[in-house]
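Raw contents of coords_32.cif, mmCIF, N, CA and C atoms:
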data_model
#
loop_
_atom_site.label_atom_id
_atom_site.label_comp_id
_atom_site.auth_asym_id
_atom_site.auth_seq_id
_atom_site.Cartn_x
_atom_site.Cartn_y
_atom_site.Cartn_z
N MET A 508 75.17 115.76 122.66
CA MET A 508 76.34 115.53 121.83
C MET A 508 77.37 116.63 122.05
N ALA A 509 78.62 116.25 121.98
CA ALA A 509 79.72 117.20 122.09
C ALA A 509 80.36 117.35 120.72
N ASP A 510 80.74 118.57 120.40
CA ASP A 510 81.39 118.83 119.12
C ASP A 510 82.84 119.23 119.36
N ILE A 511 83.71 118.72 118.52
CA ILE A 511 85.13 119.08 118.55
C ILE A 511 85.45 119.69 117.20
N ASN A 512 86.14 120.81 117.21
CA ASN A 512 86.55 121.47 115.98
C ASN A 512 88.00 121.92 116.15
N ILE A 513 88.88 121.38 115.32
CA ILE A 513 90.31 121.69 115.40
C ILE A 513 90.77 122.16 114.02
N VAL A 514 91.43 123.29 113.98
CA VAL A 514 92.01 123.79 112.74
C VAL A 514 93.52 123.85 112.93
N GLN A 515 94.24 123.20 112.02
CA GLN A 515 95.70 123.17 112.07
C GLN A 515 96.25 123.76 110.79
N GLN A 516 97.03 124.82 110.93
CA GLN A 516 97.68 125.44 109.78
C GLN A 516 98.84 124.55 109.33
N HIS A 517 99.15 124.58 108.03
CA HIS A 517 100.29 123.83 107.52
C HIS A 517 100.84 124.49 106.27
N GLN A 518 102.03 124.08 105.88
CA GLN A 518 102.67 124.56 104.66
C GLN A 518 103.10 123.37 103.82
N LEU A 519 102.27 122.36 103.76
CA LEU A 519 102.59 121.12 103.08
C LEU A 519 102.04 121.08 101.67
N THR A 520 102.69 120.27 100.84
CA THR A 520 102.11 119.98 99.52
C THR A 520 100.85 119.15 99.75
N ALA A 521 100.03 119.06 98.73
CA ALA A 521 98.79 118.27 98.84
C ALA A 521 99.10 116.82 99.21
N GLU A 522 100.16 116.27 98.62
CA GLU A 522 100.54 114.87 98.89
C GLU A 522 100.98 114.68 100.34
N LYS A 523 101.80 115.59 100.85
CA LYS A 523 102.27 115.48 102.23
C LYS A 523 101.13 115.75 103.22
N ALA A 524 100.24 116.66 102.89
CA ALA A 524 99.09 116.93 103.76
C ALA A 524 98.19 115.71 103.85
N ARG A 525 98.01 115.03 102.74
CA ARG A 525 97.18 113.82 102.73
C ARG A 525 97.84 112.72 103.58
N ALA A 526 99.16 112.59 103.49
CA ALA A 526 99.88 111.60 104.30
C ALA A 526 99.76 111.94 105.79
N ALA A 527 99.84 113.22 106.13
CA ALA A 527 99.69 113.63 107.52
C ALA A 527 98.28 113.34 108.01
N ALA A 528 97.29 113.64 107.18
CA ALA A 528 95.90 113.37 107.54
C ALA A 528 95.68 111.87 107.75
N GLN A 529 96.32 111.06 106.94
CA GLN A 529 96.18 109.61 107.07
C GLN A 529 96.76 109.13 108.40
N GLN A 530 97.85 109.76 108.85
CA GLN A 530 98.43 109.41 110.15
C GLN A 530 97.43 109.71 111.28
N VAL A 531 96.77 110.85 111.18
CA VAL A 531 95.76 111.21 112.19
C VAL A 531 94.62 110.19 112.14
N ALA A 532 94.18 109.85 110.93
CA ALA A 532 93.09 108.89 110.78
C ALA A 532 93.47 107.52 111.33
N ASP A 533 94.70 107.09 111.08
CA ASP A 533 95.15 105.80 111.59
C ASP A 533 95.12 105.77 113.11
N LYS A 534 95.52 106.88 113.74
CA LYS A 534 95.48 106.96 115.20
C LYS A 534 94.04 106.90 115.70
N LEU A 535 93.15 107.65 115.05
CA LEU A 535 91.75 107.64 115.44
C LEU A 535 91.14 106.25 115.27
N ALA A 536 91.47 105.60 114.16
CA ALA A 536 90.94 104.26 113.89
C ALA A 536 91.37 103.27 114.96
N ARG A 537 92.66 103.35 115.35
CA ARG A 537 93.17 102.43 116.38
C ARG A 537 92.54 102.70 117.74
N GLU A 538 92.50 103.95 118.13
CA GLU A 538 92.05 104.28 119.48
C GLU A 538 90.54 104.21 119.66
N PHE A 539 89.80 104.48 118.59
CA PHE A 539 88.34 104.57 118.74
C PHE A 539 87.58 103.62 117.83
N ASP A 540 88.30 102.70 117.19
CA ASP A 540 87.68 101.69 116.33
C ASP A 540 86.78 102.33 115.27
N LEU A 541 87.35 103.30 114.54
CA LEU A 541 86.60 104.02 113.53
C LEU A 541 86.86 103.47 112.14
N ALA A 542 85.86 103.57 111.29
CA ALA A 542 86.02 103.27 109.87
C ALA A 542 86.31 104.59 109.17
N CYS A 543 87.38 104.65 108.37
CA CYS A 543 87.80 105.88 107.70
C CYS A 543 87.79 105.68 106.19
N THR A 544 87.27 106.68 105.46
CA THR A 544 87.26 106.64 104.00
C THR A 544 87.53 108.03 103.45
N TRP A 545 88.26 108.08 102.35
CA TRP A 545 88.54 109.35 101.66
C TRP A 545 87.42 109.65 100.68
N ASP A 546 87.04 110.92 100.62
CA ASP A 546 86.08 111.43 99.65
C ASP A 546 86.68 112.72 99.10
N GLY A 547 87.52 112.58 98.07
CA GLY A 547 88.26 113.73 97.56
C GLY A 547 89.30 114.16 98.59
N ASP A 548 89.23 115.43 99.02
CA ASP A 548 90.14 115.95 100.04
C ASP A 548 89.55 115.90 101.44
N VAL A 549 88.52 115.10 101.61
CA VAL A 549 87.86 114.96 102.92
C VAL A 549 87.98 113.52 103.38
N LEU A 550 88.52 113.35 104.57
CA LEU A 550 88.63 112.03 105.18
C LEU A 550 87.48 111.90 106.17
N ARG A 551 86.56 111.03 105.88
CA ARG A 551 85.38 110.84 106.75
C ARG A 551 85.60 109.62 107.63
N PHE A 552 85.11 109.71 108.86
CA PHE A 552 85.22 108.59 109.77
C PHE A 552 83.98 108.51 110.63
N GLU A 553 83.66 107.27 111.03
CA GLU A 553 82.47 107.08 111.83
C GLU A 553 82.48 105.74 112.54
N ARG A 554 81.65 105.69 113.52
CA ARG A 554 81.28 104.48 114.24
C ARG A 554 80.10 104.88 115.10
N SER A 555 79.53 103.97 115.78
CA SER A 555 78.41 104.30 116.64
C SER A 555 78.85 105.32 117.69
N GLY A 556 78.21 106.46 117.74
CA GLY A 556 78.53 107.48 118.72
C GLY A 556 79.60 108.47 118.31
N VAL A 557 80.18 108.30 117.12
CA VAL A 557 81.22 109.21 116.62
C VAL A 557 81.01 109.42 115.13
N ASP A 558 81.06 110.68 114.71
CA ASP A 558 80.94 111.02 113.30
C ASP A 558 81.82 112.23 113.05
N GLY A 559 82.65 112.18 112.01
CA GLY A 559 83.51 113.32 111.78
C GLY A 559 84.16 113.33 110.42
N ALA A 560 84.92 114.41 110.19
CA ALA A 560 85.61 114.57 108.92
C ALA A 560 86.85 115.42 109.13
N LEU A 561 87.88 115.10 108.39
CA LEU A 561 89.10 115.90 108.35
C LEU A 561 89.22 116.43 106.93
N THR A 562 89.06 117.74 106.79
CA THR A 562 89.06 118.38 105.48
C THR A 562 90.40 119.06 105.24
N LEU A 563 91.02 118.72 104.12
CA LEU A 563 92.32 119.31 103.77
C LEU A 563 92.12 120.53 102.89
N GLY A 564 92.70 121.64 103.32
CA GLY A 564 92.72 122.85 102.53
C GLY A 564 94.14 123.14 102.10
N LYS A 565 94.32 124.18 101.32
CA LYS A 565 95.64 124.51 100.79
C LYS A 565 96.64 124.81 101.91
N GLU A 566 96.19 125.50 102.97
CA GLU A 566 97.10 125.87 104.06
C GLU A 566 96.60 125.47 105.44
N GLN A 567 95.54 124.67 105.48
CA GLN A 567 95.05 124.23 106.78
C GLN A 567 94.29 122.91 106.67
N ALA A 568 94.24 122.23 107.78
CA ALA A 568 93.44 121.01 107.91
C ALA A 568 92.42 121.28 109.00
N GLN A 569 91.17 120.95 108.73
CA GLN A 569 90.12 121.18 109.71
C GLN A 569 89.46 119.85 110.06
N LEU A 570 89.44 119.56 111.33
CA LEU A 570 88.85 118.33 111.84
C LEU A 570 87.59 118.68 112.62
N THR A 571 86.49 118.07 112.26
CA THR A 571 85.25 118.24 113.01
C THR A 571 84.77 116.86 113.44
N ILE A 572 84.37 116.78 114.69
CA ILE A 572 83.90 115.51 115.25
C ILE A 572 82.65 115.77 116.07
N LYS A 573 81.65 114.92 115.90
CA LYS A 573 80.48 114.93 116.76
C LYS A 573 80.54 113.67 117.61
N LEU A 574 80.56 113.86 118.91
CA LEU A 574 80.61 112.74 119.84
C LEU A 574 79.22 112.48 120.41
N GLY A 575 78.87 111.23 120.49
CA GLY A 575 77.61 110.86 121.09
C GLY A 575 77.67 111.01 122.61
N PHE A 576 76.57 110.75 123.25
CA PHE A 576 76.43 110.94 124.69
C PHE A 576 77.51 110.21 125.50
N MET A 577 77.77 108.98 125.16
CA MET A 577 78.71 108.17 125.94
C MET A 577 80.14 108.73 125.91
N LEU A 578 80.57 109.27 124.79
CA LEU A 578 81.93 109.80 124.67
C LEU A 578 82.03 111.29 124.98
N SER A 579 80.90 111.97 125.09
CA SER A 579 80.94 113.42 125.30
C SER A 579 81.63 113.80 126.61
N ALA A 580 81.59 112.93 127.60
CA ALA A 580 82.26 113.21 128.87
C ALA A 580 83.79 113.28 128.70
N PHE A 581 84.30 112.67 127.66
CA PHE A 581 85.74 112.64 127.41
C PHE A 581 86.15 113.61 126.30
N ALA A 582 85.27 114.52 125.91
CA ALA A 582 85.51 115.41 124.77
C ALA A 582 86.80 116.20 124.91
N SER A 583 87.07 116.78 126.07
CA SER A 583 88.26 117.62 126.22
C SER A 583 89.54 116.78 126.14
N THR A 584 89.53 115.58 126.68
CA THR A 584 90.69 114.69 126.60
C THR A 584 90.92 114.25 125.16
N ILE A 585 89.86 113.86 124.48
CA ILE A 585 89.95 113.44 123.08
C ILE A 585 90.45 114.59 122.22
N GLU A 586 89.90 115.78 122.42
CA GLU A 586 90.31 116.95 121.64
C GLU A 586 91.79 117.25 121.85
N GLY A 587 92.26 117.18 123.09
CA GLY A 587 93.66 117.45 123.37
C GLY A 587 94.60 116.48 122.68
N LYS A 588 94.27 115.19 122.72
CA LYS A 588 95.12 114.18 122.08
C LYS A 588 95.15 114.35 120.57
N ILE A 589 93.99 114.62 119.97
CA ILE A 589 93.94 114.76 118.52
C ILE A 589 94.64 116.04 118.08
N ALA A 590 94.44 117.13 118.81
CA ALA A 590 95.10 118.40 118.47
C ALA A 590 96.61 118.25 118.52
N GLU A 591 97.10 117.54 119.52
CA GLU A 591 98.54 117.30 119.64
C GLU A 591 99.06 116.49 118.46
N LYS A 592 98.34 115.44 118.09
CA LYS A 592 98.74 114.60 116.95
C LYS A 592 98.72 115.41 115.66
N MET A 593 97.69 116.22 115.46
CA MET A 593 97.62 117.04 114.25
C MET A 593 98.77 118.04 114.19
N ARG A 594 99.03 118.68 115.31
CA ARG A 594 100.13 119.65 115.38
C ARG A 594 101.44 118.97 115.00
N LYS A 595 101.65 117.78 115.53
CA LYS A 595 102.88 117.04 115.28
C LYS A 595 103.02 116.64 113.81
N VAL A 596 102.03 116.00 113.26
CA VAL A 596 102.17 115.46 111.89
C VAL A 596 102.11 116.54 110.82
N PHE A 597 101.38 117.62 111.05
CA PHE A 597 101.29 118.66 110.04
C PHE A 597 102.47 119.62 110.07
N THR A 598 103.28 119.58 111.12
CA THR A 598 104.48 120.41 111.15
C THR A 598 105.74 119.60 110.86
N GLU A 599 105.77 118.33 111.24
CA GLU A 599 106.95 117.48 111.00
C GLU A 599 107.09 117.10 109.53
N GLN A 600 106.00 117.05 108.81
CA GLN A 600 106.04 116.62 107.42
C GLN A 600 106.68 117.67 106.50
N ALA A 601 106.78 118.90 106.97
CA ALA A 601 107.25 120.00 106.11
C ALA A 601 108.67 119.79 105.63
#
As structure tokens:
Amino acid sequence: MADINIVQQHQLTAEKARAAAQQVADKLAREFDLACTWDGDVLRFERSGVDGALTLGKEQAQLTIKLGFMLSAFASTIEGKIAEKMRKVFTEQA
């Protein structure tokens, strides 16, 4: 299994941070056919071979993903795309 861990700093209100997180989740859901659900300030997502969470903090968002064997070969590409999306949505929302 490959692990991805991305931390994105932000200066957003809780409401704007949640909207930004939802944009990231929507992208993940479209591209990787994931089911996403909110559990407080944690957005959990999963499907066969992928398990992760996006946790919203006061000044940062942390995304952790565990990729199964089949997707682990693409871990660096997946991480780059998600990091770029997080950087974009968590800074543009300010």
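Ranking A:Leu519, A:Val549, A:Ala509, A:Cys543 by their shortest atom-to-atom distance to Ala582 of chain A, with only C-alpha atoms included, puts A:Ala509 first.
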Give me the residues near segment 554-561 of chain A as a ChimeraX atom specification, where near means some atom within 12 Å (using only C-alpha atoms) and where sequence neighbours in that chain fewer than 4 positions away do not count.
/A:508-515,524-525,527-532,535-536,538-550,567-579,582,585,589,593
Which parts of chain A does DSSP call strand (DSSP E or B) when run on the backbone here, written out as a VMD selection string?
chain A and resid 509 to 516 542 to 546 549 to 554 557 to 563 567 to 574
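Here atom N of Glu566 of chain A and atom C of Arg537 of chain A stand 27.4 Å from one another.
Computed from the coordinates, the atom N of Thr562 of chain A to atom N of Phe581 of chain A distance equals 22.0 Å.
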How would you write, as a ChimeraX atom specification, the set of residues in segment 513-596 of chain A that DSSP gives as alpha helix (DSSP H)?
/A:521-539,576-579,582-596
Pairwise distance for atom N of Lys565 of chain A and atom CA of Ala521 of chain A, rounded to one decimal in Å
7.8 Å
